[in-house]
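Text of structure.txt, listed as compact mmCIF, C-alpha atoms and all ligand atoms:
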```
# COMPACT_ATOMS: atom_id res chain seq x y z
CA MET M 1 74.49 71.94 20.98
CA ASN M 2 77.45 74.21 21.74
CA VAL M 3 78.58 76.69 19.09
CA LEU M 4 81.73 77.46 21.12
CA PRO M 5 83.36 75.54 23.99
CA PRO M 6 82.46 76.98 27.44
CA ASP M 7 85.85 78.71 27.92
CA GLU M 8 85.50 80.60 24.61
CA ALA M 9 81.82 81.44 25.16
CA GLY M 10 82.70 82.61 28.70
CA ARG M 11 84.73 85.51 27.25
CA ILE M 12 81.77 87.00 25.40
CA PRO M 13 79.36 89.36 27.17
CA SER M 14 75.72 88.82 26.24
CA PRO M 15 73.65 89.43 24.24
CA ALA M 16 76.04 89.06 21.31
CA LEU M 17 75.97 88.44 17.60
CA LEU M 18 78.39 85.86 16.20
CA PHE M 19 79.33 85.23 12.58
CA ASP M 20 80.46 81.73 11.61
CA ARG M 21 83.07 82.36 8.92
CA ALA M 22 83.13 78.78 7.59
CA ALA M 23 79.31 78.76 7.27
CA ILE M 24 79.37 82.05 5.35
CA ARG M 25 82.03 80.64 3.03
CA VAL M 26 79.79 77.62 2.35
CA ASN M 27 76.78 79.87 1.67
CA ILE M 28 78.77 81.98 -0.80
CA ALA M 29 80.05 78.87 -2.61
CA ARG M 30 76.55 77.31 -2.79
CA THR M 31 75.08 80.55 -4.10
CA ILE M 32 77.67 80.79 -6.87
CA GLU M 33 77.14 77.14 -7.74
CA CYS M 34 73.37 77.64 -7.99
CA ALA M 35 73.77 80.88 -10.01
CA GLY M 36 76.13 79.15 -12.43
CA SER M 37 78.87 81.80 -12.23
CA PRO M 38 79.90 84.78 -10.07
CA GLN M 39 79.11 87.14 -12.97
CA ARG M 40 75.41 86.25 -12.67
CA LEU M 41 75.23 87.55 -9.09
CA ARG M 42 74.62 90.93 -7.49
CA PRO M 43 74.10 90.08 -3.79
CA HIS M 44 72.28 92.54 -1.53
CA VAL M 45 74.53 93.84 1.23
CA LYS M 46 71.69 94.85 3.57
CA THR M 47 71.78 91.45 5.29
CA HIS M 48 75.30 91.66 6.74
CA LYS M 49 76.32 95.34 6.24
CA THR M 50 80.01 94.48 6.68
CA ARG M 51 83.15 95.15 4.66
CA GLU M 52 84.53 91.75 5.58
CA ILE M 53 81.67 89.67 4.15
CA THR M 54 81.67 91.86 1.04
CA ARG M 55 85.38 91.05 0.66
CA MET M 56 84.55 87.34 0.91
CA TRP M 57 82.16 87.79 -2.04
CA LEU M 58 84.80 89.78 -3.95
CA GLU M 59 87.40 87.07 -3.36
CA ALA M 60 84.90 84.57 -4.78
CA GLY M 61 84.70 86.70 -7.96
CA VAL M 62 81.44 88.56 -7.27
CA THR M 63 82.15 92.17 -8.23
CA LYS M 64 78.62 93.61 -8.61
CA HIS M 65 76.76 94.45 -5.43
CA LYS M 66 73.38 95.85 -4.49
CA CYS M 67 72.34 97.98 -1.53
CA ALA M 68 69.44 100.01 -0.15
CA THR M 69 71.07 102.87 1.75
CA LEU M 70 73.68 105.50 0.97
CA ALA M 71 75.73 104.27 3.93
CA GLU M 72 75.77 100.77 2.46
CA ALA M 73 76.78 102.24 -0.91
CA GLU M 74 79.61 104.18 0.70
CA MET M 75 80.77 101.16 2.66
CA LEU M 76 80.95 99.17 -0.60
CA ALA M 77 82.76 101.96 -2.46
CA SER M 78 85.21 102.40 0.44
CA ILE M 79 86.57 98.90 -0.28
CA SER M 80 86.63 99.54 -4.05
CA VAL M 81 83.65 97.45 -5.09
CA PRO M 82 83.65 98.15 -8.84
CA ASP M 83 79.86 98.22 -9.40
CA VAL M 84 77.27 99.33 -6.80
CA LEU M 85 73.53 99.49 -7.43
CA ILE M 86 71.41 101.48 -4.97
CA ALA M 87 68.06 99.74 -5.35
CA TYR M 88 66.14 102.39 -3.49
CA PRO M 89 64.44 105.61 -4.61
CA LEU M 90 66.64 108.66 -4.00
CA VAL M 91 64.74 111.87 -3.37
CA GLY M 92 65.37 115.29 -1.80
CA PRO M 93 68.73 115.82 -0.07
CA ASN M 94 69.63 112.17 -0.63
CA CYS M 95 70.24 113.09 -4.27
CA ASP M 96 72.89 115.63 -3.19
CA ARG M 97 74.46 113.05 -0.89
CA PHE M 98 74.52 110.61 -3.78
CA ALA M 99 76.22 113.12 -6.10
CA ARG M 100 78.93 113.68 -3.46
CA LEU M 101 79.39 109.92 -3.19
CA VAL M 102 79.81 109.55 -6.95
CA ARG M 103 82.48 112.29 -6.94
CA ARG M 104 84.29 110.89 -3.90
CA TYR M 105 84.64 107.33 -5.27
CA PRO M 106 85.53 107.56 -8.98
CA ALA M 107 86.75 103.93 -9.01
CA THR M 108 83.21 102.69 -8.36
CA ARG M 109 80.50 102.71 -11.00
CA PHE M 110 77.21 103.58 -9.29
CA GLY M 111 73.72 102.72 -10.43
CA VAL M 112 70.30 103.78 -9.16
CA THR M 113 66.76 102.48 -9.65
CA ILE M 114 64.12 104.92 -10.89
CA ASP M 115 60.37 104.34 -11.10
CA HIS M 116 59.01 107.84 -11.67
CA VAL M 117 59.84 110.84 -13.79
CA GLU M 118 59.86 113.09 -10.69
CA ALA M 119 62.66 111.02 -9.18
CA LEU M 120 64.50 111.23 -12.50
CA ARG M 121 64.25 115.04 -12.50
CA GLN M 122 65.50 115.30 -8.90
CA LEU M 123 68.51 113.14 -9.72
CA GLN M 124 69.16 114.96 -12.98
CA ALA M 125 69.31 118.26 -11.09
CA VAL M 126 72.34 117.19 -9.06
CA PHE M 127 74.38 116.20 -12.15
CA PRO M 128 73.89 119.32 -14.32
CA HIS M 129 77.10 119.13 -16.39
CA ALA M 130 78.11 115.49 -16.01
CA ARG M 131 78.32 112.93 -18.82
CA ASP M 132 77.76 109.21 -18.35
CA VAL M 133 78.42 109.11 -14.60
CA VAL M 134 75.52 106.97 -13.33
CA ASP M 135 73.78 103.80 -14.54
CA LEU M 136 69.99 103.90 -14.42
CA TYR M 137 67.77 100.87 -13.94
CA LEU M 138 64.04 101.02 -14.46
CA ASP M 139 62.48 99.72 -11.24
CA VAL M 140 59.63 97.37 -12.19
CA ASN M 141 56.61 96.53 -10.05
CA ALA M 142 56.25 92.83 -10.83
CA GLY M 143 53.39 92.26 -8.36
CA MET M 144 54.78 93.16 -4.94
CA GLY M 145 53.36 96.66 -5.12
CA ARG M 146 56.04 98.37 -2.99
CA THR M 147 58.05 100.39 -5.50
CA GLY M 148 58.42 100.16 -9.24
CA ILE M 149 56.41 100.98 -12.30
CA GLU M 150 54.11 98.47 -13.96
CA LEU M 151 55.31 97.23 -17.33
CA GLY M 152 53.53 98.97 -20.19
CA PRO M 153 53.64 102.15 -22.28
CA ASP M 154 54.37 104.47 -19.32
CA ALA M 155 57.31 102.31 -18.29
CA ALA M 156 58.61 102.35 -21.88
CA CYS M 157 58.33 106.18 -21.99
CA LEU M 158 60.22 106.53 -18.70
CA TYR M 159 63.00 104.25 -19.92
CA GLN M 160 63.30 106.28 -23.12
CA GLU M 161 63.58 109.41 -21.00
CA PHE M 162 66.65 107.96 -19.21
CA GLY M 163 68.56 107.99 -22.49
CA ARG M 164 67.92 111.69 -23.10
CA ILE M 165 69.96 112.84 -20.10
CA PRO M 166 73.74 113.04 -20.73
CA ALA M 167 74.66 112.25 -17.11
CA PHE M 168 72.95 108.86 -17.23
CA ARG M 169 73.35 105.56 -19.00
CA PRO M 170 70.19 103.41 -19.20
CA VAL M 171 71.35 99.85 -18.49
CA GLY M 172 68.23 97.77 -17.93
CA LEU M 173 65.65 96.68 -15.40
CA HIS M 174 65.51 96.06 -11.67
CA ILE M 175 62.81 93.71 -10.40
CA TYR M 176 62.31 92.78 -6.76
CA ASP M 177 59.64 90.11 -6.38
CA GLY M 178 59.39 89.83 -2.59
CA HIS M 179 55.82 88.55 -3.02
CA ASN M 180 57.12 85.40 -4.77
CA ASN M 181 57.74 83.65 -1.46
CA ASN M 182 55.50 80.58 -1.42
CA PRO M 183 57.14 77.64 0.40
CA SER M 184 56.40 75.48 -2.65
CA LEU M 185 59.22 75.70 -5.20
CA GLU M 186 56.73 74.83 -7.95
CA GLN M 187 54.51 77.76 -6.97
CA ARG M 188 57.51 80.09 -7.02
CA ARG M 189 58.46 78.73 -10.45
CA ALA M 190 54.95 79.43 -11.75
CA THR M 191 55.01 83.03 -10.46
CA GLY M 192 58.54 83.44 -11.85
CA ARG M 193 57.42 82.24 -15.30
CA SER M 194 54.65 84.83 -15.48
CA VAL M 195 57.08 87.60 -14.50
CA TRP M 196 59.56 86.52 -17.20
CA GLN M 197 56.89 86.42 -19.86
CA ALA M 198 55.89 90.04 -19.17
CA VAL M 199 59.52 91.16 -18.88
CA GLN M 200 60.52 89.57 -22.16
CA GLU M 201 57.62 91.15 -24.05
CA PHE M 202 58.61 94.55 -22.61
CA CYS M 203 62.30 94.12 -23.44
CA ASP M 204 61.52 92.99 -27.01
CA ARG M 205 59.40 96.08 -27.53
CA LEU M 206 62.11 98.44 -26.23
CA ARG M 207 64.81 96.75 -28.29
CA ARG M 208 62.64 97.01 -31.40
CA ASP M 209 62.53 100.76 -30.70
CA GLY M 210 66.35 100.81 -30.61
CA HIS M 211 66.97 100.93 -26.85
CA GLN M 212 69.76 99.10 -25.03
CA LEU M 213 68.73 96.75 -22.21
CA GLY M 214 71.88 95.02 -21.12
CA ARG M 215 70.96 93.93 -17.61
CA ILE M 216 68.07 92.54 -15.63
CA VAL M 217 68.66 92.54 -11.87
CA ILE M 218 66.07 90.32 -10.22
CA GLY M 219 64.89 88.70 -7.05
CA GLY M 220 65.67 87.91 -3.44
CA THR M 221 66.46 84.61 -1.75
CA PRO M 222 63.08 82.81 -2.18
CA SER M 223 62.98 83.40 -5.94
CA PHE M 224 66.74 82.94 -6.40
CA PRO M 225 66.65 79.19 -7.26
CA VAL M 226 63.81 79.91 -9.72
CA HIS M 227 65.49 82.76 -11.61
CA ALA M 228 68.83 80.94 -11.53
CA GLU M 229 67.24 78.46 -13.97
CA GLU M 230 66.95 81.25 -16.59
CA THR M 231 69.70 81.53 -19.19
CA ILE M 232 68.81 85.03 -20.45
CA ALA M 233 71.82 87.27 -21.22
CA GLY M 234 72.53 90.05 -18.72
CA LEU M 235 70.71 88.34 -15.85
CA GLU M 236 71.91 89.40 -12.37
CA LEU M 237 70.49 87.55 -9.36
CA SER M 238 70.23 89.66 -6.23
CA PRO M 239 69.49 87.61 -3.11
CA GLY M 240 70.62 89.02 0.24
CA THR M 241 69.64 86.83 3.16
CA LEU M 242 71.49 83.80 1.90
CA SER M 243 74.88 85.25 2.95
CA LEU M 244 73.90 84.51 6.55
CA HIS M 245 70.63 82.53 6.27
CA ASP M 246 68.07 82.52 9.10
CA ALA M 247 65.44 80.45 10.89
CA ASN M 248 62.48 81.81 8.86
CA TYR M 249 63.99 80.92 5.49
CA ASP M 250 65.34 77.62 6.82
CA ALA M 251 61.81 76.55 7.80
CA LYS M 252 60.24 77.75 4.54
CA TYR M 253 62.92 76.88 1.97
CA PRO M 254 64.84 73.77 3.09
CA GLU M 255 65.92 73.18 -0.52
CA LEU M 256 68.37 76.10 -0.20
CA ARG M 257 70.68 73.85 1.92
CA LEU M 258 72.36 76.87 3.52
CA LYS M 259 74.19 77.14 6.83
CA PHE M 260 73.48 79.49 9.69
CA GLY M 261 76.14 82.19 9.43
CA ALA M 262 74.72 84.36 12.23
CA ILE M 263 74.13 83.03 15.73
CA LEU M 264 73.09 84.85 18.89
CA LEU M 265 74.69 84.19 22.24
CA THR M 266 72.32 84.86 25.15
CA ARG M 267 72.25 83.96 28.85
CA VAL M 268 69.57 82.88 31.25
CA ILE M 269 68.87 85.83 33.53
CA SER M 270 65.74 84.62 35.35
CA ARG M 271 63.44 81.61 35.88
CA PRO M 272 60.18 83.35 36.75
CA SER M 273 58.15 80.11 36.97
CA ARG M 274 58.66 76.34 36.68
CA ASP M 275 57.99 76.29 32.94
CA ARG M 276 59.68 79.58 31.95
CA ILE M 277 63.14 81.00 31.49
CA THR M 278 64.04 84.55 30.62
CA VAL M 279 67.15 85.38 28.59
CA ASP M 280 68.85 88.68 27.69
CA LEU M 281 67.61 88.74 24.12
CA GLY M 282 65.15 91.61 24.05
CA TYR M 283 63.98 93.21 20.86
CA LYS M 284 67.04 95.44 20.95
CA ALA M 285 69.10 92.29 20.31
CA VAL M 286 66.86 90.14 18.09
CA SER M 287 64.39 91.54 15.61
CA PRO M 288 60.72 91.40 16.66
CA ASP M 289 59.35 91.53 13.10
CA SER M 290 58.29 87.84 13.09
CA PRO M 291 55.17 86.57 14.90
CA MET M 292 55.46 86.38 18.69
CA GLY M 293 56.10 82.64 19.04
CA GLN M 294 58.90 82.64 16.44
CA ARG M 295 61.42 85.42 17.04
CA CYS M 296 64.34 82.97 17.16
CA ARG M 297 65.12 79.27 17.29
CA PHE M 298 67.02 78.06 20.36
CA LEU M 299 69.38 75.25 19.39
CA ALA M 300 69.07 73.47 22.77
CA ILE M 301 65.29 73.91 23.14
CA PRO M 302 63.80 74.09 19.63
CA ASP M 303 60.25 73.65 20.99
CA ALA M 304 60.54 76.73 23.28
CA GLU M 305 57.78 79.24 22.67
CA VAL M 306 58.43 82.96 23.07
CA VAL M 307 55.76 84.29 25.44
CA VAL M 308 57.11 87.70 26.50
CA HIS M 309 59.40 89.93 24.45
CA SER M 310 60.41 93.34 25.71
CA GLU M 311 63.32 95.69 25.12
CA GLU M 312 65.97 93.67 26.95
CA HIS M 313 64.12 90.47 27.96
CA LEU M 314 62.84 87.45 26.11
CA THR M 315 60.84 84.88 28.05
CA VAL M 316 60.15 81.40 26.72
CA ARG M 317 57.86 78.64 27.91
CA THR M 318 59.44 75.20 27.86
CA PRO M 319 58.93 71.98 29.85
CA GLN M 320 62.74 71.94 30.16
CA ALA M 321 62.96 75.22 32.09
CA GLU M 322 64.20 73.56 35.29
CA ARG M 323 67.28 72.24 33.47
CA PHE M 324 68.70 75.76 33.27
CA SER M 325 70.62 77.83 35.82
CA LEU M 326 71.12 81.56 35.82
CA GLY M 327 74.11 82.46 33.63
CA ASP M 328 73.75 79.43 31.35
CA VAL M 329 74.52 80.19 27.74
CA LEU M 330 71.88 79.56 25.08
CA TRP M 331 72.52 79.76 21.33
CA ALA M 332 69.76 81.12 19.11
CA ILE M 333 69.25 81.54 15.38
CA PRO M 334 67.34 84.76 14.58
CA ALA M 335 64.07 84.32 12.70
CA HIS M 336 64.90 87.33 10.53
CA VAL M 337 68.61 87.94 10.33
CA CYS M 338 68.83 91.26 8.41
CA PRO M 339 67.18 93.56 10.99
CA THR M 340 68.81 91.54 13.79
CA VAL M 341 72.32 92.23 12.46
CA ALA M 342 71.49 95.95 12.30
CA LEU M 343 70.85 95.92 16.07
CA HIS M 344 74.50 95.05 16.78
CA ARG M 345 77.51 97.33 16.51
CA SER M 346 79.85 94.43 15.79
CA ALA M 347 79.89 90.66 15.45
CA TRP M 348 82.28 88.15 17.00
CA VAL M 349 83.72 85.99 14.25
CA ILE M 350 84.13 82.31 15.02
CA GLU M 351 85.88 79.48 13.24
CA ASN M 352 86.85 75.95 14.39
CA GLY M 353 85.41 76.51 17.86
CA LYS M 354 87.35 79.72 18.51
CA VAL M 355 86.75 83.46 18.36
CA VAL M 356 89.07 84.63 15.59
CA ASP M 357 88.02 88.23 14.92
CA GLN M 358 85.46 90.96 15.51
CA TRP M 359 83.79 92.70 12.53
CA LEU M 360 82.12 96.09 12.59
CA ILE M 361 78.58 96.21 11.21
CA ALA M 362 79.83 99.27 9.38
CA ALA M 363 76.70 100.22 7.46
CA ARG M 364 74.26 99.89 10.38
CA ASP M 365 74.60 103.64 10.80
CA ARG M 366 72.67 105.86 8.42
CA ASP M 367 75.86 107.61 7.31
CA ILE M 368 79.55 106.83 7.07
CA THR M 369 81.23 110.09 6.04
CA SER M 370 78.39 112.02 4.46
C1 LIG K 1 65.16 95.36 -3.41
C2 LIG K 1 65.59 94.10 -2.72
N1 LIG K 1 66.38 93.25 -3.38
C3 LIG K 1 66.81 92.10 -2.83
C4 LIG K 1 66.43 91.75 -1.54
C5 LIG K 1 66.97 90.48 -0.95
O1 LIG K 1 65.95 89.62 -0.55
P1 LIG K 1 66.23 88.44 0.49
O2 LIG K 1 66.42 89.07 1.80
O3 LIG K 1 65.02 87.58 0.39
O4 LIG K 1 67.45 87.74 0.02
C6 LIG K 1 65.59 92.61 -0.82
C7 LIG K 1 65.14 92.28 0.54
O5 LIG K 1 64.51 93.00 1.24
C8 LIG K 1 65.16 93.81 -1.43
O6 LIG K 1 64.37 94.69 -0.78
```
Rewrite the structure of this file - the entire thing - as structure tokens.
Amino acid sequence: MNVLPPDEAGRIPSPALLFDRAAIRVNIARTIECAGSPQRLRPHVKTHKTREITRMWLEAGVTKHKCATLAEAEMLASISVPDVLIAYPLVGPNCDRFARLVRRYPATRFGVTIDHVEALRQLQAVFPHARDVVDLYLDVNAGMGRTGIELGPDAACLYQEFGRIPAFRPVGLHIYDGHNNNPSLEQRRATGRSVWQAVQEFCDRLRRDGHQLGRIVIGGTPSFPVHAEETIAGLELSPGTLSLHDANYDAKYPELRLKFGAILLTRVISRPSRDRITVDLGYKAVSPDSPMGQRCRFLAIPDAEVVVHSEEHLTVRTPQAERFSLGDVLWAIPAHVCPTVALHRSAWVIENGKVVDQWLIAARDRDITS
């Protein structure tokens, strides 16, 4: 299968990242359809890290966005995204950087997740005289055990503390359930139900005590179809990967019916034995964070098994090796698209069999202006 005709592909040096604009448009439309409305979405930008794909979401009516790094937050604010949530603990000098960001982009409302009183104090210190400048979300550990506070009296106390600081507005909860990733949709529904039960008990208790809890930001791509079934007010679904989709999620969650928005162009650079070819797709071009055999899916040789992966080389074993000549183009879908995108400075944008643009992966750097 050819992603581009040979004359178009021939213009692109390898290895290269390509974005399929029509596929991304389909993924955005399907996501909104599944969510029920653009207002129920807060997509995570870490997957694509580009201004252009963010603008595609904005044009589709999705105004709330989520990110993990200050560079991503600045990239979003630089194109006037109205509401940006940094779902990542800010500590040390990152608090000062954040305060500068808030001052530099007054048109954007920023939010931050907090899971510990120490983090709250560090953030408070950089907004000594401000009033109502930042939204705070209580980061909840719903079973993944990475960040977040477990629901219970300590979590309630921390949330109450948010409301005592003039610079902050407590707006609700943030819950990332990356552990809810079973291939079975029913299993994911069951895990989702238990999370909702605990969350609702907690919210009822806080509301009884007079606290406002307007928003609940929840989930990634695997749990997205599950949480999308909830009708609770203030729900914001925060998948990321589904902007571009990838081979891992395609194999595990076929019900998502998404298209591959990111494709790698690579070329055969060696045929070291009768059953092997080596291409220029080392782990500086495709992420190595999936098991060895499954770093990417080659469209022309889906049964190829990755046997060697080094910085600039990827060697596969395939009975079809002798079909290929040096310089032949192969198209590959990354197993894990988010870290793969971050390995590339820019992406070639394709549509209708042509290269139509080139987009900077603007937030792959750790900083933009500060
Ligand atoms: C806090 C947070 N929210 C949302 C997501 C999006 O998850 P996914 O990539 O499965 O869409 C991630 C992914 O790492 C995350 O860390």
- [ ] Can you pull out every residue within 12 Å of Glu311 of chain M, counting all atoms listed in the file, but drop anything in the same chain fewer than 5 positions away, and send it as a ChimeraX atom specification?
- [x] /M:279-288,343
Open item on the list: Please list as number ranges by chain every residue within 10 Å of Glu150 of chain M, counting only C-alpha atoms and excluding residues in the same chain fewer than 5 positions away.
Closed with: M: 115, 139-143, 145, 155-156
Closest atom pairs, residues of chain M within 6 Å of ligand LIG 1 (chain K), all atoms listed in the file, as a Markdown table:
```
| residue | atom | partner | partner_atom | distance |
| --- | --- | --- | --- | --- |
| M:His44 | CA | K:LIG1 | C3 | 5.6 |
| M:Ala87 | CA | K:LIG1 | C1 | 5.6 |
| M:Tyr176 | CA | K:LIG1 | C1 | 5.1 |
| M:Gly219 | CA | K:LIG1 | C3 | 5.7 |
| M:Gly220 | CA | K:LIG1 | O1 | 3.4 |
| M:Thr221 | CA | K:LIG1 | O4 | 3.7 |
| M:Pro222 | CA | K:LIG1 | O3 | 5.8 |
| M:Ser238 | CA | K:LIG1 | C3 | 5.4 |
| M:Pro239 | CA | K:LIG1 | O4 | 3.7 |
| M:Gly240 | CA | K:LIG1 | O4 | 3.4 |
| M:Thr241 | CA | K:LIG1 | O4 | 3.9 |
| M:Leu242 | CA | K:LIG1 | O4 | 5.9 |
```
TODO: May I ask which of the residues M:Ala233, M:Ala23, M:Leu4, M:Leu136 is the closest one to Val84 of chain M, counting all atoms listed in the file?
DONE: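 Once distances to Val84 of chain M are computed over all atoms listed in the file, the minimum belongs to M:Leu136.
Of the residues under consideration (M:Gln212, M:Asn180, M:Gln294, M:Ser346), M:Gln212 shows the shortest atom-to-atom contact distance to Gly163 of chain M when counting all atoms listed in the file.
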TODO: Would you please work out which residue, of M:Met56, M:Val3, M:Leu70, M:Met75, is nearest to Val329 of chain M when using all atoms listed in the file?
DONE: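 Among the listed residues, M:Val3 lies closest to Val329 of chain M.
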Open item on the list: One number please: atom CA of Val308 of chain M to atom CA of Leu18 of chain M, in Å, one decimal.
Closed with: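 Going from atom CA of Val308 of chain M over to atom CA of Leu18 of chain M, I get 23.7 Å.
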Open item on the list: Between atom CA of Asp289 of chain M and atom CA of Thr340 of chain M, what distance in Å does the model show, to one decimal?
Closed with: 9.5 Å
Open item on the list: Please report the interatomic distance between atom CA of Pro302 of chain M and atom CA of Tyr249 of chain M in Å with one decimal.
Closed with: 15.7 Å
Task: Thr231 of chain M environment, 12 Å, only C-alpha atoms, sequence neighbours closer than 6 positions dropped, as a list in words - done: Ala35, Gly36, Ser37, Arg40, Trp196, Ile216 and Leu237 of chain M
Which centre and which edge lengths, in Å to one decimal, describe the axis-aligned box that holds all listed atoms of segment 272-279 of chain M after 3 Å is added on each side, as lines of an AutoDock Vina configuration file?
```
center_x = 62.6
center_y = 80.8
center_z = 32.8
size_x = 15.2
size_y = 15.1
size_z = 14.4
```
- [ ] Tell me which of M:Arg103, M:His129, M:His116, M:Arg55 sits closest to Ser80 of chain M, counting only C-alpha atoms.
- [x] M:Arg55
Task: Met144 of chain M environment, 7 Å, all atoms listed in the file, sequence neighbours closer than 6 positions dropped, as a PyMOL selection string - done: chain M and resi 177-179
TODO: Measuring atom to atom with all atoms listed in the file, identify which of M:Pro43, M:Phe98, M:Ile232, M:Pro170 is nearest to Gln122 of chain M.
DONE: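 Going through M:Pro43, M:Phe98, M:Ile232, M:Pro170 one by one, the smallest distance to Gln122 of chain M is for M:Phe98.
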Open item on the list: For a quick check of understanding, using only C-alpha atoms, which of M:Gln358, M:Thr278, M:Ser194, M:Thr50 has the smallest distance to Leu17 of chain M?
Closed with: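 Looking only at the distances to Leu17 of chain M, the closest residue turns out to be M:Gln358.
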- [ ] Within 12 Å of (59.8, 98.6, -20.3) (coordinates as in the file), grab all the protein and nucleic acid residues, counting only C-alpha atoms, and write them out as a PyMOL selection string.
- [x] chain M and resi 115+137-142+148-162+170-175+198-209+211-213+216
Open item on the list: Which residues are close to Pro319 of chain M, i.e. within 12 Å by all atoms listed in the file, leaving aside same-chain residues fewer than 3 positions away? Reply as a count of residues only.
Closed with: 14
